Amino acid sequence: MIALYPLAALGRAVLALLAAIGRFAIFTGQTVSHLVRPPFYPREFGQAMMQIGYFSLPVVGLTALFTGGALALQIYAGGARFSAEAVVPQIVAIGMVRELGPVLVGLMIAARVTSSIAAEIATMKVTEQIDALVTLSTHPMKYLTLPRVLAATLVMPLLVGVGDIIGIYGGFLVGTERLGFNAATYLKNTADFLELRDIVSSLAKGAVFGFIAALMGCYYGMNSTRGAMGVGRATKGSVVAAAVLILAANFILTEAFFAL
Amino acid sequence: MIRLTDIHKAFGSNHVLRGVNLHVPRGTSMVIIGGSGTGKSIALKCILGLVTHDSGTIEVDGQDVRKGDRDAFLARFGMLFQGGALFDSLPVWQNVAFRLMRGSLKRPRAEAREIAIEKLRRVGLKPDVADKLPAELSGGMQKRVGLARAIAAEPEIIFFDEPTTGLDPIMAGVINELIREIVTEMGATAMTITHDMTSVRAIADNVAMLHDGVIKWTGPVAQMDNSGDPYLDQFIHGRATGPIEAVR
């Protein structure tokens, strides 16, 4: 019998994992289903757009600016090993638009927005505000989850677009001011090298990452346990899960858009 | 009005409710007393559908609470939560008028604000409180805002979950008086959960004692002191010895 204990433990872990996946799938399905079922809360949606979109601009801008600059330096230094310093504008553009822009913006949003959504909703849960919503004839999924998820999904492509532009600008600044590139040539090379598919994939990734980031915040917040520890766990869990799912989704989307 | 029949509820191996039977007639104030963790709040939450009971039936006006239009059902209720459960991000007046700004009871914004201020006045708060955030108020004021929110849409049934917990005796007295006045004035049916025997005597028409998952005693508040029930007797006199174990 003792020999079976590890198997039993493994079985319990697998069952728990499957149950968690099932709960998350149901939560996702319910969220999406509320998209087409009134009532809707435009005021909450507007506030979520401001919180997730507008107030994230500084962090997105700074992250992209420094990343673009560092990328230009790295490509220049690395390219020098095989006399390919001239490709800095093209690689910065493709690197920012295809990968670094959406992924870094996604991760920054996971840190800033997912954590804040999870902490806010978890606190509402432990202080019975979610129960209060129900007694006031307001569906918590419609009032709390849907506006945030919808806002994040719609606003993230814009944030990624802004991040892409600022990242390229960071590379341009370093390229022209530090590495001696001609400004007009740098811009021409950037514009010539980028394809529509690069931009579309970047914005599509933004939408998917926004959906994931907000959904994980809401899911962990709504399923938090009691007390301050529950809020802390929900916040931590939401950020970790959002970050991992964003990276996994990035791989899948890259495969879908650019697989040979 | 409200009838609970053989209600059972368990969380894993913890059987909180083991066959609760209770009847609350229309227009009366029922107070449920009992030790901490005996399932009083769970019973209220089962009625509202916030917690799903495992078995038994709960009827409001003969209608099973699990059936029918849920929005219409909830529109009949108001609830004061133990901690107030005010929405942090909304100013006080929007908390009070929450139900009046959404759904079937939606009114124009100005009218909803006017009603909110009137309800705040009804619970003894000045209009200048209306634009503050809940975090800027004291515990007693938050409780009164919660009370104003519970009565804002003039519900038929009002639940009060430990309305005086954490308040000083004077503020507790004010809240008790308000609850009694509001229930009498509105002709509402009320269910209150409390440990505070002063509240019980101030608020209740009828009392039910919940212990070990069942109603041990129920009857008019006037008969509470001479019930002859050892559980109720120990509880209302706060004795450490008796059939209720001090360590549960």
# chains A, B, ... in the order shown; residues from 1 in each chain; ligands from 1
>>> residues_around(residues="Leu203 of chain A", least_positions_apart="4", cutoff="12 Å", atoms="only C-alpha atoms", output="ChimeraX atom specification")
/A:96-99,101-103,105-106,153-164,196-199,207-210,250,253,257
>>> closest_atom_pairs(of="chain A", to="chain B", cutoff="8 Å", atoms="only C-alpha atoms", output="CSV")
residue,atom,partner,partner_atom,distance
A:Pro39,CA,B:Gly103,CA,7.5
A:Met124,CA,B:Phe87,CA,7.9
A:Thr127,CA,B:Ala85,CA,5.8
A:Glu128,CA,B:Ala85,CA,5.4
A:Gln129,CA,B:Ala85,CA,4.7
A:Asp131,CA,B:Leu50,CA,6.7
A:Ala132,CA,B:Ala85,CA,6.4
A:Val134,CA,B:Leu50,CA,7.6
A:Thr135,CA,B:Leu74,CA,6.0
A:Leu136,CA,B:Arg99,CA,5.7
A:Ser137,CA,B:Asp71,CA,5.6
A:Thr138,CA,B:Gly103,CA,7.9
>>> closest_residue(among="A:Ala214, A:Ala16, A:Val32, A:Ala70", to="Ala151 of chain A", atoms="only C-alpha atoms")
A:Ala214
>>> residues_around(residues="Leu125 of chain B", least_positions_apart="5", cutoff="10 Å", atoms="only C-alpha atoms", output="JSON, numbers by chain")
{"B": [117, 118, 119, 120, 130, 141, 144, 145, 148]}
>>> write_last_selection(atoms="N, CA, C and O atoms", output="PDB file, in the first residue's frame")
ATOM      1  N   ILE B 117     -29.689  61.519  -0.581  1.00  0.00           N
ATOM      2  CA  ILE B 117     -29.495  62.515   0.488  1.00  0.00           C
ATOM      3  C   ILE B 117     -30.638  62.429   1.504  1.00  0.00           C
ATOM      4  O   ILE B 117     -30.420  62.534   2.711  1.00  0.00           O
ATOM      5  N   GLU B 118     -31.827  62.193   1.006  1.00  0.00           N
ATOM      6  CA  GLU B 118     -32.978  62.034   1.903  1.00  0.00           C
ATOM      7  C   GLU B 118     -32.791  60.804   2.819  1.00  0.00           C
ATOM      8  O   GLU B 118     -33.045  60.866   4.018  1.00  0.00           O
ATOM      9  N   LYS B 119     -32.304  59.721   2.239  1.00  0.00           N
ATOM     10  CA  LYS B 119     -32.082  58.506   3.048  1.00  0.00           C
ATOM     11  C   LYS B 119     -30.948  58.717   4.041  1.00  0.00           C
ATOM     12  O   LYS B 119     -30.986  58.207   5.169  1.00  0.00           O
ATOM     13  N   LEU B 120     -29.925  59.472   3.609  1.00  0.00           N
ATOM     14  CA  LEU B 120     -28.824  59.776   4.541  1.00  0.00           C
ATOM     15  C   LEU B 120     -29.362  60.593   5.709  1.00  0.00           C
ATOM     16  O   LEU B 120     -29.008  60.357   6.869  1.00  0.00           O
ATOM     17  N   ALA B 130     -22.522  63.266   1.646  1.00  0.00           N
ATOM     18  CA  ALA B 130     -22.877  62.618   0.373  1.00  0.00           C
ATOM     19  C   ALA B 130     -21.708  62.502  -0.600  1.00  0.00           C
ATOM     20  O   ALA B 130     -21.582  61.496  -1.307  1.00  0.00           O
ATOM     21  N   MET B 141     -20.517  55.894  11.097  1.00  0.00           N
ATOM     22  CA  MET B 141     -21.097  56.575   9.923  1.00  0.00           C
ATOM     23  C   MET B 141     -21.206  55.611   8.743  1.00  0.00           C
ATOM     24  O   MET B 141     -22.193  55.624   8.006  1.00  0.00           O
ATOM     25  N   ARG B 144     -24.169  53.546   9.143  1.00  0.00           N
ATOM     26  CA  ARG B 144     -25.401  54.274   8.826  1.00  0.00           C
ATOM     27  C   ARG B 144     -25.571  54.449   7.313  1.00  0.00           C
ATOM     28  O   ARG B 144     -26.689  54.399   6.803  1.00  0.00           O
ATOM     29  N   VAL B 145     -24.441  54.629   6.615  1.00  0.00           N
ATOM     30  CA  VAL B 145     -24.529  54.702   5.145  1.00  0.00           C
ATOM     31  C   VAL B 145     -25.012  53.356   4.599  1.00  0.00           C
ATOM     32  O   VAL B 145     -25.871  53.299   3.712  1.00  0.00           O
ATOM     33  N   ALA B 148     -28.601  53.230   5.114  1.00  0.00           N
ATOM     34  CA  ALA B 148     -29.293  54.071   4.112  1.00  0.00           C
ATOM     35  C   ALA B 148     -29.369  53.348   2.770  1.00  0.00           C
ATOM     36  O   ALA B 148     -30.387  53.401   2.083  1.00  0.00           O
TER      37      ALA B 148
END
>>> residues_around(residues="segment 85-92 of chain A", least_positions_apart="5", cutoff="10 Å", atoms="only C-alpha atoms", output="PyMOL selection string")
chain A and resi 67-80+97-98+100+164+167-172+175+179+181+185-194
>>> write_last_selection(atoms="N, CA and C atoms", output="short mmCIF file (atom, residue, chain, number, x, y, z; two decimals), in the first residue's frame")
data_model
loop_
_atom_site.label_atom_id
_atom_site.label_comp_id
_atom_site.auth_asym_id
_atom_site.auth_seq_id
_atom_site.Cartn_x
_atom_site.Cartn_y
_atom_site.Cartn_z
N THR A 67 14.23 50.04 -23.83
CA THR A 67 14.46 48.77 -24.51
C THR A 67 14.94 49.00 -25.94
N GLY A 68 14.31 49.94 -26.63
CA GLY A 68 14.72 50.26 -28.01
C GLY A 68 16.16 50.74 -28.05
N GLY A 69 16.52 51.61 -27.10
CA GLY A 69 17.88 52.13 -27.04
C GLY A 69 18.89 51.03 -26.78
N ALA A 70 18.58 50.19 -25.78
CA ALA A 70 19.50 49.09 -25.43
C ALA A 70 19.63 48.11 -26.60
N LEU A 71 18.51 47.87 -27.28
CA LEU A 71 18.52 46.95 -28.42
C LEU A 71 19.46 47.46 -29.51
N ALA A 72 19.39 48.76 -29.78
CA ALA A 72 20.26 49.35 -30.81
C ALA A 72 21.73 49.16 -30.43
N LEU A 73 22.05 49.41 -29.18
CA LEU A 73 23.43 49.24 -28.73
C LEU A 73 23.89 47.79 -28.88
N GLN A 74 23.03 46.86 -28.46
CA GLN A 74 23.37 45.42 -28.51
C GLN A 74 23.58 44.96 -29.96
N ILE A 75 22.66 45.37 -30.83
CA ILE A 75 22.76 44.93 -32.23
C ILE A 75 24.03 45.51 -32.87
N TYR A 76 24.32 46.76 -32.53
CA TYR A 76 25.51 47.40 -33.09
C TYR A 76 26.77 46.66 -32.62
N ALA A 77 26.80 46.40 -31.28
CA ALA A 77 27.99 45.73 -30.74
C ALA A 77 28.10 44.30 -31.26
N GLY A 78 26.96 43.58 -31.30
CA GLY A 78 26.96 42.20 -31.77
C GLY A 78 27.23 42.13 -33.26
N GLY A 79 26.61 43.05 -34.02
CA GLY A 79 26.77 43.07 -35.47
C GLY A 79 28.20 43.36 -35.89
N ALA A 80 28.92 44.13 -35.04
CA ALA A 80 30.31 44.49 -35.37
C ALA A 80 31.20 43.27 -35.51
N VAL A 97 8.73 45.55 -33.04
CA VAL A 97 7.36 45.38 -33.49
C VAL A 97 6.88 43.93 -33.35
N ARG A 98 7.74 43.01 -33.73
CA ARG A 98 7.30 41.60 -33.69
C ARG A 98 7.31 41.02 -32.27
N LEU A 100 9.53 42.40 -28.91
CA LEU A 100 9.75 43.10 -27.64
C LEU A 100 8.61 44.06 -27.29
N ASP A 164 5.64 50.25 -29.59
CA ASP A 164 6.45 49.96 -30.78
C ASP A 164 7.11 51.25 -31.31
N GLY A 167 9.67 52.58 -28.87
CA GLY A 167 10.84 51.69 -28.87
C GLY A 167 11.72 51.94 -30.08
N ILE A 168 11.08 52.08 -31.24
CA ILE A 168 11.85 52.38 -32.47
C ILE A 168 12.52 53.75 -32.32
N TYR A 169 11.79 54.67 -31.70
CA TYR A 169 12.36 56.00 -31.49
C TYR A 169 13.57 55.93 -30.55
N GLY A 170 13.50 55.06 -29.54
CA GLY A 170 14.64 54.86 -28.63
C GLY A 170 15.85 54.38 -29.40
N GLY A 171 15.61 53.43 -30.29
CA GLY A 171 16.70 52.92 -31.13
C GLY A 171 17.24 54.01 -32.05
N PHE A 172 16.31 54.81 -32.58
CA PHE A 172 16.69 55.93 -33.48
C PHE A 172 17.58 56.93 -32.74
N GLY A 175 20.86 55.33 -32.16
CA GLY A 175 21.52 55.14 -33.44
C GLY A 175 22.09 56.44 -34.00
N LEU A 179 25.60 56.32 -32.11
CA LEU A 179 26.29 55.40 -33.02
C LEU A 179 26.60 56.03 -34.39
N PHE A 181 24.55 57.11 -36.92
CA PHE A 181 23.73 56.84 -38.11
C PHE A 181 23.14 58.15 -38.62
N THR A 185 18.46 58.20 -43.25
CA THR A 185 18.71 56.81 -43.67
C THR A 185 18.14 55.83 -42.66
N TYR A 186 18.32 56.18 -41.38
CA TYR A 186 17.80 55.29 -40.32
C TYR A 186 16.29 55.12 -40.48
N LEU A 187 15.59 56.24 -40.65
CA LEU A 187 14.12 56.18 -40.77
C LEU A 187 13.70 55.45 -42.04
N LYS A 188 14.42 55.69 -43.12
CA LYS A 188 14.06 55.03 -44.39
C LYS A 188 14.24 53.52 -44.27
N ASN A 189 15.35 53.10 -43.68
CA ASN A 189 15.60 51.66 -43.51
C ASN A 189 14.54 51.01 -42.64
N THR A 190 14.16 51.74 -41.60
CA THR A 190 13.12 51.21 -40.70
C THR A 190 11.81 51.02 -41.47
N ALA A 191 11.40 52.07 -42.16
CA ALA A 191 10.11 52.03 -42.87
C ALA A 191 10.12 50.99 -43.99
N ASP A 192 11.23 50.90 -44.69
CA ASP A 192 11.30 49.96 -45.81
C ASP A 192 11.24 48.51 -45.35
N PHE A 193 11.80 48.26 -44.20
CA PHE A 193 11.95 46.87 -43.78
C PHE A 193 10.68 46.29 -43.13
N LEU A 194 9.91 47.16 -42.50
CA LEU A 194 8.70 46.66 -41.81
C LEU A 194 7.62 46.27 -42.80
#
>>> residues_around(residues="Leu35 of chain A", least_positions_apart="3", cutoff="10 Å", atoms="only C-alpha atoms", output="PyMOL selection string")
chain A and resi 30-32+38-40+142+146-147+150
>>> closest_residue(among="B:Met209, B:Val174, B:Val20, B:Leu90", to="Leu133 of chain B", atoms="only C-alpha atoms")
B:Leu90
>>> select_by_dssp(residues="segment 145-175 of chain B", states="strand (DSSP E or B)", output="PyMOL selection string")
chain B and resi 157-161
>>> select_by_dssp(residues="segment 9-246 of chain B", states="alpha helix (DSSP H)", output="PyMOL selection string")
chain B and resi 40-48+70-74+92-96+109-122+139-151+169-186+197-203+230-237
>>> residues_around(residues="Ile182 of chain B", least_positions_apart="5", cutoff="9 Å", atoms="only C-alpha atoms", output="ChimeraX atom specification")
/B:122,151,177,187-188
>>> atom_distance(atom1="atom CA of Leu17 of chain A", atom2="atom CA of Ala242 of chain A")
16.7 Å
>>> atom_distance(atom1="atom CA of Arg148 of chain A", atom2="atom CA of Leu57 of chain A")
16.8 Å
>>> closest_residue(among="B:Val96, B:Arg26, B:Asp131, B:Ile157", to="Asn206 of chain B", atoms="only C-alpha atoms")
B:Arg26
>>> residues_around(residues="Ile117 of chain A", least_positions_apart="4", cutoff="12 Å", atoms="only C-alpha atoms", output="PyMOL selection string")
chain A and resi 48+51-52+109-113+121-124+144-145+147-149+152+213-222+231+234-236+238-239+242
